[in-house]
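Student: I'd like to ask you about the structure that follows.
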Amino acid sequence: MKNIIFMSPNFPTNYWQFCRELKNNGLNVLGIGDQPYDELLPGLKDSLTEYYKVGSLENYDEVYRAVAFFIFKYGRIDWLESNNEYWLETDARLRTDFHITSGFQTEDMAKVRHKSRMKEFYAKAGIPTARYHLVDDLEGCREFLKVVGYPAIAKPDNGVGAAGTYKIQSDEDLVHFMEDYPKNVPYIMEEFIHATINSYDAIIDSRGEPIFETGNVTISNLMEVVNTLDDSLYFIHKDLPEDTRAAGRATVKSFGVRSRFVHFEFFRLDQDQEGLGKQGDIVALEVNMRPCGGFSPDMMNFANSTNVYKIWADMIAFDRSTVPEGEHAYCAFMGRRDNHAYALSHDELLAKYGRQMKMVDRIPDALSGAMGNQMYVANFPTKEEMDAFYDDACRCI
């Protein structure tokens, strides 16, 4: 029986399902988290052989002792994983310190976490990326902007999502940014790309081959969603476009991905852009070596009539999927804001689209900045029907 440590199995709240499927595949599942055991979901409790509570997952010494305890009690650890962006570096450090070889090590973190380092691997894959400048001083940034022009985007070189992101549209904005950004955080500045974000989401086996593939399209601008509290809108493709599939597979090979759930983000150009391509072309944005966040794994299930939690657990247990392929649909996510006055109330929206709804729930405060306060997930056989739902759900008084 393989021993697997699952870090933070209680958050996000849907991740307990990874543990359930690992247990169903005959693995010994050991959890490390900071939530009291009595507060864990019943399904998670049933999925774990043992749970070790730490005071804080940020305290590496505590987490290290937890892993050491599990090794003492259960023997060699075959896998250690969180599937969570926030803990990727902790996961890698623990694997390195305890010689757990089934995943990224500390030395791998730079290429998968730093946006500036990702670009060389995209180049090897033959996928263009935005021109960039590592933020130094005002004059250095001005020289870069003379080349690429305004607007530009500045964001942490090591980070995820839209947190800490600035849109620089003028020299005045540049001066404000240079005064405002946290100097203890390395920042990257990139030319602005007129595009829609598309993703490649896949579960990769030990040979670097996909055993499941899908992808999403972000309709709303994540930076605007976070900074101005707009609605959050994205959907899972009914069928993954072939150019996204090809770019995703090339990226897997270039980064040397093995035995992982991945979420790669690409731009699809909204217009011709010099040095990058023609309207509709694919341009690289960033890699995320974990599943797409929030409720996306569940949405992948709804869109593909499948179970990605089991496919991932199958990859670990058998290095293949035992889940048959099902019918496909568009799966739409809508994250509404509590402070918006919508034309259709919550009850009216459910009355009109209740048959299509797959999930309706409040979003945890920790995720609401990027995802809204009240979420709806619904399936549609055609894009036209999905667009009509979005029109109804977004329309304000």
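Lettering and numbering for the structure tokens are positional, with chains as A, B, ... in the shown order, residues counted from 1 in each chain, and ligands counted from 1 in the shown order.
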List the spatial neighbours of A:Tyr342 as an NGL selection string - criterion: any atom at most 6 Å away, only C-alpha atoms, same-chain residues fewer than 5 positions off excluded.
Tutor: :A and (395-397)
Student: Okay, now the selection with C-alpha atoms, as an mmCIF file, in the first residue's frame?
Tutor:
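result20.cif was written with the following content:
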```
data_model
loop_
_atom_site.group_PDB
_atom_site.id
_atom_site.type_symbol
_atom_site.label_atom_id
_atom_site.label_comp_id
_atom_site.auth_asym_id
_atom_site.auth_seq_id
_atom_site.Cartn_x
_atom_site.Cartn_y
_atom_site.Cartn_z
ATOM 1 C CA ARG A 395 -27.906 42.303 -15.923
ATOM 2 C CA CYS A 396 -28.250 44.984 -13.251
ATOM 3 C CA ILE A 397 -31.110 47.350 -12.513
#
```
Student: If you count only C-alpha atoms, which residues fall within 12 Å of A:Asp272, apart from same-chain ones fewer than 3 positions away, as a ChimeraX atom specification?
Tutor: /A:193-195,268-269,275-283
Student: Excluding A:Asn24 and any residue of its chain fewer than 3 positions from it, enumerate the residues within 12 Å of it, using only C-alpha atoms, and give them as number ranges by chain.
Tutor: A: 1, 17-21, 27-29, 46-48, 309-311, 313-314, 317
Student: If you measure from atom CA of A:Val252 to atom CA of A:Ser116, what distance in Å do you get, rounded to one decimal?
Tutor: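 Going from atom CA of A:Val252 over to atom CA of A:Ser116 covers 17.6 Å.
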Student: To one decimal in Å, tell me the separation between atom CA of A:Tyr15 and atom CA of A:Asn216.
Tutor: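 We find that atom CA of A:Tyr15 and atom CA of A:Asn216 lie 19.5 Å from each other.
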